[in-house]
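Asks: Before we start, here is the structure in question, set down as structure tokens.
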Amino acid sequence: AAAAAAAAAAVVVHGASRPSLLLASRSPARRDLLAELGWHNVDMHAVDIDEKAIGDRSSQPPAELVMAIAQAKLDAVQRELDSGSLRSTPDVIITGDQVVTHQNRILEKPCSSDEARLMLGAYHTSPCATHSSLLLRRTRDGVTVGGVDVAKIWFRPIPPDVIEDLVGREATLQCAGGLMVEDETVAPYVLDIQGNLDSVMGFPKDLFRRLLCDLGFSEHSELLSSSS
């Protein structure tokens, strides 16, 4: 009984339950990062949009691009919510996007193993950066807040055999720039990261906390800070 009471206290602050979340993503990394913050029952609901049709990769700043794609995902979820096709209405909808920049180019998910091979083989020549957006919408009134977090990564040369191993994995093709710095195969070749690993992985925790605060869930953000 004491353990049950402690568990209940962990998710209730000032008499209010933590808000329910819908994460518009199929990314296991984003799901796991939310779980690290204590959110173990997040609804995962990916939406199908044509991301390539959004923005201008040749001239648009990466922060604007990832925000535009996150907004398109949010609009898609909102349409489903308004039509009644979702199983339930969450308190907060979360969308996001990530691109990698390297040598003044915007890199998204590799379209092929050959493209991933070129990306991974070039990162040692100069640092790359991840640009990760988050948008949070409070569903009861539509208030929406968002932001972008940037992290910078320096690599030593990744050996050809390691690159071949990576490009043979489906997960590599599902990551912007083919980057999986958290993978034990890649980690030995990371020289330095300026920023947080969770941001490189596509879900900046500090930005999430701040945006949740901006939506009025400050007591829950305090709880998240103390539990991570």
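Residues are named by chain letter and number: chains run A, B, ... in the order of the structure tokens, numbers start at 1 in each chain, and ligands are numbered from 1 in the order shown.
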Residues at most 8 Å from A:Cys128, counting only C-alpha atoms, excluding those fewer than 6 positions away in the same chain, as a ChimeraX atom specification?
Replies: /A:100-103,152-154
Asks: Residues near A:Leu21, anyone? I mean within 10 Å using only C-alpha atoms, not counting same-chain ones fewer than 4 positions away, as a list of chain:residue names.
Replies: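 Here the answer would be A:Trp39, A:Asn41, A:Val42, A:Asp43, A:Met44, A:Thr89, A:Pro90, A:Asp91, A:Val92, A:Ile93, A:Ile94, A:Leu136, A:Arg137, A:Arg138.
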Asks: Rounded to one decimal in Å, what is the spacing between atom CA of A:Ile106 and atom CA of A:Asp149?
Replies: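 Atom-to-atom, atom CA of A:Ile106 and atom CA of A:Asp149 are spaced 15.6 Å apart.
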Asks: Which residue, A:Thr144, A:Asn196, A:Asn104, A:Thr185, has the smallest gap to A:Asp165 when you use only C-alpha atoms?
Replies: A:Thr185
Asks: With only C-alpha atoms as the basis for distance, which of A:Pro19, A:Pro28, A:Pro160, A:Pro61 is at the shortest distance from A:Leu215?
Replies: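 For A:Leu215, the nearest of the given residues is A:Pro19.
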Asks: Show which residues sit within 7 Å of stretch 199-208 of chain A, as number ranges by chain. Count only C-alpha atoms, and ignore same-chain residues fewer than 4 positions away.
Replies: A: 29-30, 33, 98, 130, 132, 149, 151, 212
Asks: So which residues of stretch 22-203 of chain A fall under alpha helix (DSSP H) by DSSP, listed as a tab-separated table (two decimals) with N, CA and C atoms, in the first residue's frame?
Replies:
chain	number	residue	atom	x	y	z
A	28	PRO	N	11.49	5.37	-31.99
A	28	PRO	CA	11.75	4.75	-30.69
A	28	PRO	C	12.63	5.61	-29.80
A	29	ALA	N	13.55	6.37	-30.40
A	29	ALA	CA	14.44	7.21	-29.60
A	29	ALA	C	13.65	8.29	-28.87
A	30	ARG	N	12.72	8.95	-29.57
A	30	ARG	CA	11.91	9.98	-28.91
A	30	ARG	C	11.04	9.37	-27.81
A	31	ARG	N	10.49	8.22	-28.09
A	31	ARG	CA	9.67	7.52	-27.07
A	31	ARG	C	10.51	7.20	-25.85
A	32	ASP	N	11.72	6.70	-26.07
A	32	ASP	CA	12.58	6.32	-24.95
A	32	ASP	C	13.03	7.53	-24.15
A	33	LEU	N	13.29	8.65	-24.83
A	33	LEU	CA	13.70	9.86	-24.12
A	33	LEU	C	12.57	10.40	-23.25
A	34	LEU	N	11.34	10.32	-23.74
A	34	LEU	CA	10.20	10.70	-22.90
A	34	LEU	C	10.07	9.76	-21.71
A	35	ALA	N	10.32	8.48	-21.93
A	35	ALA	CA	10.25	7.51	-20.83
A	35	ALA	C	11.30	7.83	-19.77
A	36	GLU	N	12.47	8.31	-20.20
A	36	GLU	CA	13.50	8.69	-19.23
A	36	GLU	C	13.03	9.82	-18.33
A	62	PRO	N	17.72	26.19	-41.63
A	62	PRO	CA	17.27	24.89	-41.10
A	62	PRO	C	16.26	25.01	-39.98
A	63	ALA	N	16.39	26.03	-39.12
A	63	ALA	CA	15.43	26.19	-38.02
A	63	ALA	C	14.03	26.44	-38.56
A	64	GLU	N	13.92	27.24	-39.60
A	64	GLU	CA	12.61	27.50	-40.21
A	64	GLU	C	12.05	26.23	-40.84
A	65	LEU	N	12.91	25.46	-41.49
A	65	LEU	CA	12.46	24.24	-42.15
A	65	LEU	C	11.90	23.24	-41.16
A	66	VAL	N	12.64	22.97	-40.06
A	66	VAL	CA	12.16	21.97	-39.11
A	66	VAL	C	10.90	22.44	-38.38
A	67	MET	N	10.75	23.74	-38.21
A	67	MET	CA	9.52	24.25	-37.61
A	67	MET	C	8.35	24.12	-38.58
A	68	ALA	N	8.59	24.36	-39.85
A	68	ALA	CA	7.53	24.23	-40.85
A	68	ALA	C	7.05	22.79	-40.95
A	69	ILE	N	7.98	21.84	-40.91
A	69	ILE	CA	7.59	20.42	-40.99
A	69	ILE	C	6.85	20.01	-39.73
A	70	ALA	N	7.32	20.47	-38.56
A	70	ALA	CA	6.61	20.17	-37.32
A	70	ALA	C	5.20	20.74	-37.34
A	71	GLN	N	5.03	21.93	-37.92
A	71	GLN	CA	3.70	22.53	-38.02
A	71	GLN	C	2.80	21.72	-38.94
A	72	ALA	N	3.34	21.23	-40.05
A	72	ALA	CA	2.55	20.40	-40.96
A	72	ALA	C	2.09	19.13	-40.26
A	73	LYS	N	2.95	18.54	-39.46
A	73	LYS	CA	2.57	17.35	-38.70
A	73	LYS	C	1.47	17.69	-37.69
A	74	LEU	N	1.62	18.83	-37.03
A	74	LEU	CA	0.62	19.25	-36.05
A	74	LEU	C	-0.72	19.50	-36.71
A	75	ASP	N	-0.71	20.14	-37.88
A	75	ASP	CA	-1.96	20.37	-38.61
A	75	ASP	C	-2.63	19.06	-38.98
A	76	ALA	N	-1.83	18.06	-39.36
A	76	ALA	CA	-2.39	16.75	-39.73
A	76	ALA	C	-3.03	16.07	-38.53
A	77	VAL	N	-2.36	16.13	-37.38
A	77	VAL	CA	-2.94	15.53	-36.17
A	77	VAL	C	-4.21	16.27	-35.78
A	78	GLN	N	-4.20	17.60	-35.88
A	78	GLN	CA	-5.37	18.38	-35.51
A	78	GLN	C	-6.56	18.04	-36.39
A	79	ARG	N	-6.31	17.81	-37.67
A	79	ARG	CA	-7.42	17.41	-38.56
A	79	ARG	C	-8.02	16.08	-38.12
A	80	GLU	N	-7.17	15.15	-37.74
A	80	GLU	CA	-7.68	13.86	-37.26
A	80	GLU	C	-8.44	14.03	-35.96
A	81	LEU	N	-7.94	14.89	-35.09
A	81	LEU	CA	-8.62	15.14	-33.82
A	81	LEU	C	-9.99	15.77	-34.07
A	82	ASP	N	-10.04	16.75	-34.97
A	82	ASP	CA	-11.30	17.44	-35.25
A	82	ASP	C	-12.32	16.51	-35.92
A	83	SER	N	-11.83	15.53	-36.67
A	83	SER	CA	-12.74	14.60	-37.36
A	83	SER	C	-13.22	13.47	-36.46
A	113	SER	N	21.25	3.47	-49.17
A	113	SER	CA	22.49	3.12	-48.49
A	113	SER	C	23.66	3.92	-49.05
A	114	ASP	N	23.63	4.17	-50.36
A	114	ASP	CA	24.71	4.95	-50.98
A	114	ASP	C	24.76	6.36	-50.41
A	115	GLU	N	23.60	6.98	-50.23
A	115	GLU	CA	23.57	8.33	-49.69
A	115	GLU	C	24.05	8.34	-48.24
A	116	ALA	N	23.62	7.34	-47.46
A	116	ALA	CA	24.06	7.24	-46.07
A	116	ALA	C	25.57	7.03	-46.00
A	117	ARG	N	26.11	6.26	-46.93
A	117	ARG	CA	27.55	5.99	-46.97
A	117	ARG	C	28.33	7.29	-47.21
A	118	LEU	N	27.84	8.12	-48.12
A	118	LEU	CA	28.49	9.40	-48.39
A	118	LEU	C	28.43	10.33	-47.19
A	119	MET	N	27.28	10.38	-46.53
A	119	MET	CA	27.13	11.23	-45.35
A	119	MET	C	28.10	10.82	-44.25
A	120	LEU	N	28.08	9.55	-43.90
A	120	LEU	CA	28.90	9.07	-42.80
A	120	LEU	C	30.40	9.19	-43.10
A	121	GLY	N	30.76	9.06	-44.37
A	121	GLY	CA	32.16	9.13	-44.75
A	121	GLY	C	32.72	10.54	-44.76
A	122	ALA	N	31.83	11.54	-44.69
A	122	ALA	CA	32.29	12.94	-44.80
A	122	ALA	C	32.30	13.68	-43.48
A	160	PRO	N	35.81	2.35	-42.99
A	160	PRO	CA	34.88	1.85	-44.02
A	160	PRO	C	34.06	0.65	-43.57
A	161	ASP	N	34.67	-0.28	-42.80
A	161	ASP	CA	33.91	-1.45	-42.38
A	161	ASP	C	32.80	-1.09	-41.40
A	162	VAL	N	33.03	-0.07	-40.58
A	162	VAL	CA	32.00	0.39	-39.65
A	162	VAL	C	30.88	1.07	-40.44
A	163	ILE	N	31.26	1.87	-41.42
A	163	ILE	CA	30.25	2.52	-42.27
A	163	ILE	C	29.39	1.47	-42.96
A	164	GLU	N	30.01	0.41	-43.48
A	164	GLU	CA	29.25	-0.64	-44.17
A	164	GLU	C	28.27	-1.32	-43.22
A	165	ASP	N	28.71	-1.51	-41.98
A	165	ASP	CA	27.82	-2.09	-40.98
A	165	ASP	C	26.62	-1.17	-40.75
A	166	LEU	N	26.88	0.12	-40.64
A	166	LEU	CA	25.81	1.08	-40.34
A	166	LEU	C	24.83	1.22	-41.50
A	167	VAL	N	25.34	1.29	-42.73
A	167	VAL	CA	24.43	1.51	-43.86
A	167	VAL	C	23.58	0.27	-44.15
A	170	GLU	N	18.48	-0.69	-41.12
A	170	GLU	CA	17.31	0.12	-41.43
A	170	GLU	C	17.27	1.36	-40.55
A	171	ALA	N	17.72	1.25	-39.30
A	171	ALA	CA	17.68	2.39	-38.38
A	171	ALA	C	18.49	3.56	-38.90
A	172	THR	N	19.60	3.29	-39.58
A	172	THR	CA	20.42	4.37	-40.12
A	172	THR	C	19.64	5.20	-41.13
A	173	LEU	N	18.83	4.54	-41.93
A	173	LEU	CA	18.05	5.23	-42.96
A	173	LEU	C	16.86	5.98	-42.38
A	197	LEU	N	23.08	15.21	-25.73
A	197	LEU	CA	22.88	14.02	-26.54
A	197	LEU	C	21.41	13.84	-26.90
A	198	ASP	N	20.49	14.15	-25.98
A	198	ASP	CA	19.06	13.98	-26.29
A	198	ASP	C	18.64	14.87	-27.45
A	199	SER	N	19.27	16.04	-27.58
A	199	SER	CA	18.96	16.91	-28.71
A	199	SER	C	19.46	16.30	-30.02
A	200	VAL	N	20.67	15.73	-29.99
A	200	VAL	CA	21.20	15.05	-31.16
A	200	VAL	C	20.29	13.90	-31.56
Asks: Smallest atom-to-atom distance to A:Ala129: which of A:Gln60, A:Asp214, A:Asp48, A:Phe155, using only C-alpha atoms?
Replies: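 Using only C-alpha atoms, A:Ala129 sits closest to A:Phe155.
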Asks: So the first atom is atom CA of A:Gly216 and the second is atom CA of A:Gly146; what is the distance between them in Å, to one decimal place?
Replies: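 Distance reported for this atom pair: 13.8 Å.
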Asks: Write out as a list in words all residues of stretch 44-94 of chain A that backbone DSSP assigns to strand (DSSP E or B).
Replies: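 Assigned to strand (DSSP E or B), within stretch 44-94 of chain A: Met44, Val92, Ile93 and Ile94 of chain A.
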